[in-house]
$ cat input-v2.cif   # mmCIF, C-alpha atoms
data_my_file
#
loop_
_atom_site.group_PDB
_atom_site.id
_atom_site.type_symbol
_atom_site.label_atom_id
_atom_site.label_comp_id
_atom_site.auth_asym_id
_atom_site.auth_seq_id
_atom_site.Cartn_x
_atom_site.Cartn_y
_atom_site.Cartn_z
ATOM 1 C CA MET A 1 -119.202 -65.488 -2.548
ATOM 2 C CA SER A 2 -121.921 -65.057 0.047
ATOM 3 C CA GLU A 3 -120.466 -63.059 2.872
ATOM 4 C CA THR A 4 -122.706 -62.702 5.868
ATOM 5 C CA PRO A 5 -121.968 -59.413 7.604
ATOM 6 C CA VAL A 6 -121.072 -59.791 11.248
ATOM 7 C CA LYS A 7 -123.691 -58.143 13.406
ATOM 8 C CA GLN A 8 -121.950 -55.750 15.728
ATOM 9 C CA GLN A 9 -123.419 -55.629 19.174
ATOM 10 C CA ASN A 10 -122.286 -53.333 21.924
ATOM 11 C CA THR A 11 -121.297 -54.789 25.253
ATOM 12 C CA ALA A 12 -123.086 -53.891 28.464
ATOM 13 C CA ALA A 13 -119.969 -52.065 29.656
ATOM 14 C CA TYR A 14 -119.896 -49.902 26.524
ATOM 15 C CA TYR A 15 -123.593 -49.090 26.894
ATOM 16 C CA GLY A 16 -123.110 -48.270 30.583
ATOM 17 C CA GLN A 17 -120.142 -46.034 29.798
ATOM 18 C CA ALA A 18 -122.140 -44.148 27.172
ATOM 19 C CA VAL A 19 -125.083 -43.616 29.536
ATOM 20 C CA ALA A 20 -122.800 -42.560 32.402
ATOM 21 C CA SER A 21 -120.885 -40.175 30.151
ATOM 22 C CA PHE A 22 -124.112 -38.573 28.937
ATOM 23 C CA ALA A 23 -125.453 -38.265 32.496
ATOM 24 C CA ILE A 24 -122.232 -36.675 33.762
ATOM 25 C CA ALA A 25 -122.049 -34.245 30.843
ATOM 26 C CA ILE A 26 -125.663 -33.092 31.108
ATOM 27 C CA SER A 27 -125.424 -32.851 34.919
ATOM 28 C CA ALA A 28 -122.213 -30.826 34.811
ATOM 29 C CA THR A 29 -123.730 -28.481 32.239
ATOM 30 C CA ALA A 30 -126.909 -28.063 34.293
ATOM 31 C CA ILE A 31 -124.904 -27.347 37.455
ATOM 32 C CA GLY A 32 -122.735 -24.871 35.569
ATOM 33 C CA ILE A 33 -125.748 -23.027 34.196
ATOM 34 C CA THR A 34 -127.526 -22.871 37.561
ATOM 35 C CA ARG A 35 -124.410 -21.597 39.362
ATOM 36 C CA LEU A 36 -123.664 -19.030 36.669
ATOM 37 C CA HIS A 37 -123.644 -15.461 37.982
ATOM 38 C CA ALA A 38 -126.085 -14.038 35.459
ATOM 39 C CA ASP A 39 -129.707 -13.017 35.197
ATOM 40 C CA ALA A 40 -132.374 -15.703 35.220
ATOM 41 C CA TRP A 41 -133.254 -15.098 31.571
ATOM 42 C CA VAL A 42 -129.630 -15.740 30.543
ATOM 43 C CA ARG A 43 -129.571 -19.027 32.457
ATOM 44 C CA ALA A 44 -132.954 -19.997 30.971
ATOM 45 C CA PHE A 45 -131.684 -19.215 27.469
ATOM 46 C CA LEU A 46 -128.594 -21.360 28.016
ATOM 47 C CA GLY A 47 -130.745 -24.189 29.407
ATOM 48 C CA ILE A 48 -133.024 -24.131 26.362
ATOM 49 C CA ALA A 49 -129.973 -24.007 24.073
ATOM 50 C CA VAL A 50 -128.491 -27.100 25.760
ATOM 51 C CA LEU A 51 -131.783 -28.996 25.465
ATOM 52 C CA TYR A 52 -132.027 -28.057 21.785
ATOM 53 C CA LEU A 53 -128.453 -29.192 21.217
ATOM 54 C CA VAL A 54 -129.110 -32.543 22.909
ATOM 55 C CA THR A 55 -132.273 -33.239 20.905
ATOM 56 C CA SER A 56 -130.504 -32.231 17.684
ATOM 57 C CA ALA A 57 -127.623 -34.599 18.469
ATOM 58 C CA PHE A 58 -130.037 -37.497 19.061
ATOM 59 C CA THR A 59 -131.857 -36.731 15.812
ATOM 60 C CA LEU A 60 -128.593 -36.575 13.861
ATOM 61 C CA ALA A 61 -127.428 -39.881 15.337
ATOM 62 C CA LYS A 62 -130.728 -41.525 14.361
ATOM 63 C CA VAL A 63 -130.571 -40.173 10.804
ATOM 64 C CA VAL A 64 -126.992 -41.393 10.347
ATOM 65 C CA ARG A 65 -127.903 -44.835 11.740
ATOM 66 C CA ASP A 66 -131.006 -45.108 9.532
ATOM 67 C CA ARG A 67 -129.022 -44.168 6.414
ATOM 68 C CA GLN A 68 -126.355 -46.757 7.225
ATOM 69 C CA GLU A 69 -128.960 -49.479 7.837
ATOM 70 C CA ALA A 70 -130.757 -48.626 4.580
ATOM 71 C CA GLY A 71 -127.471 -48.939 2.688
ATOM 72 C CA GLN A 72 -126.864 -52.351 4.218
ATOM 73 C CA ILE A 73 -130.349 -53.548 3.213
ATOM 74 C CA VAL A 74 -129.892 -52.404 -0.389
ATOM 75 C CA SER A 75 -126.487 -54.070 -0.485
ATOM 76 C CA ARG A 76 -127.934 -57.351 0.799
ATOM 77 C CA VAL A 77 -130.775 -57.272 -1.757
ATOM 78 C CA ASP A 78 -128.311 -56.621 -4.591
ATOM 79 C CA GLN A 79 -126.087 -59.444 -3.344
ATOM 80 C CA ALA A 80 -129.060 -61.849 -3.212
ATOM 81 C CA ARG A 81 -130.066 -60.942 -6.778
ATOM 82 C CA LEU A 82 -126.525 -61.533 -8.017
ATOM 83 C CA GLU A 83 -126.326 -64.896 -6.267
ATOM 84 C CA LYS A 84 -129.672 -65.929 -7.772
ATOM 85 C CA LEU A 85 -128.507 -64.976 -11.288
ATOM 86 C CA LEU A 86 -125.259 -66.885 -10.864
ATOM 87 C CA ALA A 87 -127.065 -69.938 -9.489
ATOM 88 C CA GLU A 88 -129.502 -70.005 -12.406
ATOM 89 C CA HIS A 89 -126.863 -69.444 -15.073
ATOM 90 C CA ASP A 90 -125.776 -72.510 -17.032
ATOM 91 C CA PRO A 91 -122.558 -71.785 -18.920
ATOM 92 C CA PHE A 92 -123.022 -74.888 -21.120
ATOM 93 C CA GLN A 93 -126.498 -73.938 -22.304
ATOM 94 C CA LYS A 94 -126.710 -72.983 -25.966
ATOM 95 C CA LEU A 95 -127.789 -69.456 -26.643
#
$ encode --input "input-v2.cif" --output "structure tokens"
Amino acid sequence: MSETPVKQQNTAAYYGQAVASFAIAISATAIGITRLHADAWVRAFLGIAVLYLVTSAFTLAKVVRDRQEAGQIVSRVDQARLEKLLAEHDPFQKL
């Protein structure tokens, strides 16, 4: 009845791929904005918009992760309470 959830851990290759992908994407966007044939204020606006988008994406990822971890903690507490009740219950005890 007690199921221990398997802790998922990312490999070093997966982490490296994620970091490299982020670095390539942000670099390509920065190069594209700097080489854009537009006024400086347009390029600055696009740069600020990209930075805002990146920070918003990190915040969203953190919120989703925190909500998932909180759900797992509540589930584990509920499971421990149930196991304690079942362990203490004596079906042959008179009521």
$ closest_atom_pairs --input "input-v2.cif" --of "segment 33-70 of chain A" --to "segment 75-88 of chain A" --cutoff "12 Å" --atoms "all atoms listed in the file" --output "tab-separated table"
residue	atom	partner	partner_atom	distance
A:Gln68	CA	A:Ser75	CA	10.6
A:Glu69	CA	A:Ser75	CA	9.8
A:Ala70	CA	A:Ser75	CA	8.6
$ residues_near_point --input "input-v2.cif" --point "(-129.6, -23.3, 27.9)" --cutoff "12 Å" --atoms "all atoms listed in the file" --output "PDB file with C-alpha atoms, in the coordinates of the input"
ATOM      1  CA  ILE A  26    -125.663 -33.092  31.108  1.00  0.00           C
ATOM      2  CA  THR A  29    -123.730 -28.481  32.239  1.00  0.00           C
ATOM      3  CA  ALA A  30    -126.909 -28.063  34.293  1.00  0.00           C
ATOM      4  CA  ILE A  31    -124.904 -27.347  37.455  1.00  0.00           C
ATOM      5  CA  GLY A  32    -122.735 -24.871  35.569  1.00  0.00           C
ATOM      6  CA  ILE A  33    -125.748 -23.027  34.196  1.00  0.00           C
ATOM      7  CA  THR A  34    -127.526 -22.871  37.561  1.00  0.00           C
ATOM      8  CA  LEU A  36    -123.664 -19.030  36.669  1.00  0.00           C
ATOM      9  CA  ALA A  40    -132.374 -15.703  35.220  1.00  0.00           C
ATOM     10  CA  TRP A  41    -133.254 -15.098  31.571  1.00  0.00           C
ATOM     11  CA  VAL A  42    -129.630 -15.740  30.543  1.00  0.00           C
ATOM     12  CA  ARG A  43    -129.571 -19.027  32.457  1.00  0.00           C
ATOM     13  CA  ALA A  44    -132.954 -19.997  30.971  1.00  0.00           C
ATOM     14  CA  PHE A  45    -131.684 -19.215  27.469  1.00  0.00           C
ATOM     15  CA  LEU A  46    -128.594 -21.360  28.016  1.00  0.00           C
ATOM     16  CA  GLY A  47    -130.745 -24.189  29.407  1.00  0.00           C
ATOM     17  CA  ILE A  48    -133.024 -24.131  26.362  1.00  0.00           C
ATOM     18  CA  ALA A  49    -129.973 -24.007  24.073  1.00  0.00           C
ATOM     19  CA  VAL A  50    -128.491 -27.100  25.760  1.00  0.00           C
ATOM     20  CA  LEU A  51    -131.783 -28.996  25.465  1.00  0.00           C
ATOM     21  CA  TYR A  52    -132.027 -28.057  21.785  1.00  0.00           C
ATOM     22  CA  LEU A  53    -128.453 -29.192  21.217  1.00  0.00           C
ATOM     23  CA  VAL A  54    -129.110 -32.543  22.909  1.00  0.00           C
TER      24      VAL A  54
END
$ atom_distance --input "input-v2.cif" --atom1 "atom CA of Ala20 of chain A" --atom2 "atom CA of Val64 of chain A"
22.5 Å
$ atom_distance --input "input-v2.cif" --atom1 "atom CA of Gln9 of chain A" --atom2 "atom CA of Ser27 of chain A"
27.8 Å
$ atom_distance --input "input-v2.cif" --atom1 "atom CA of Ala38 of chain A" --atom2 "atom CA of Ser56 of chain A"
25.8 Å
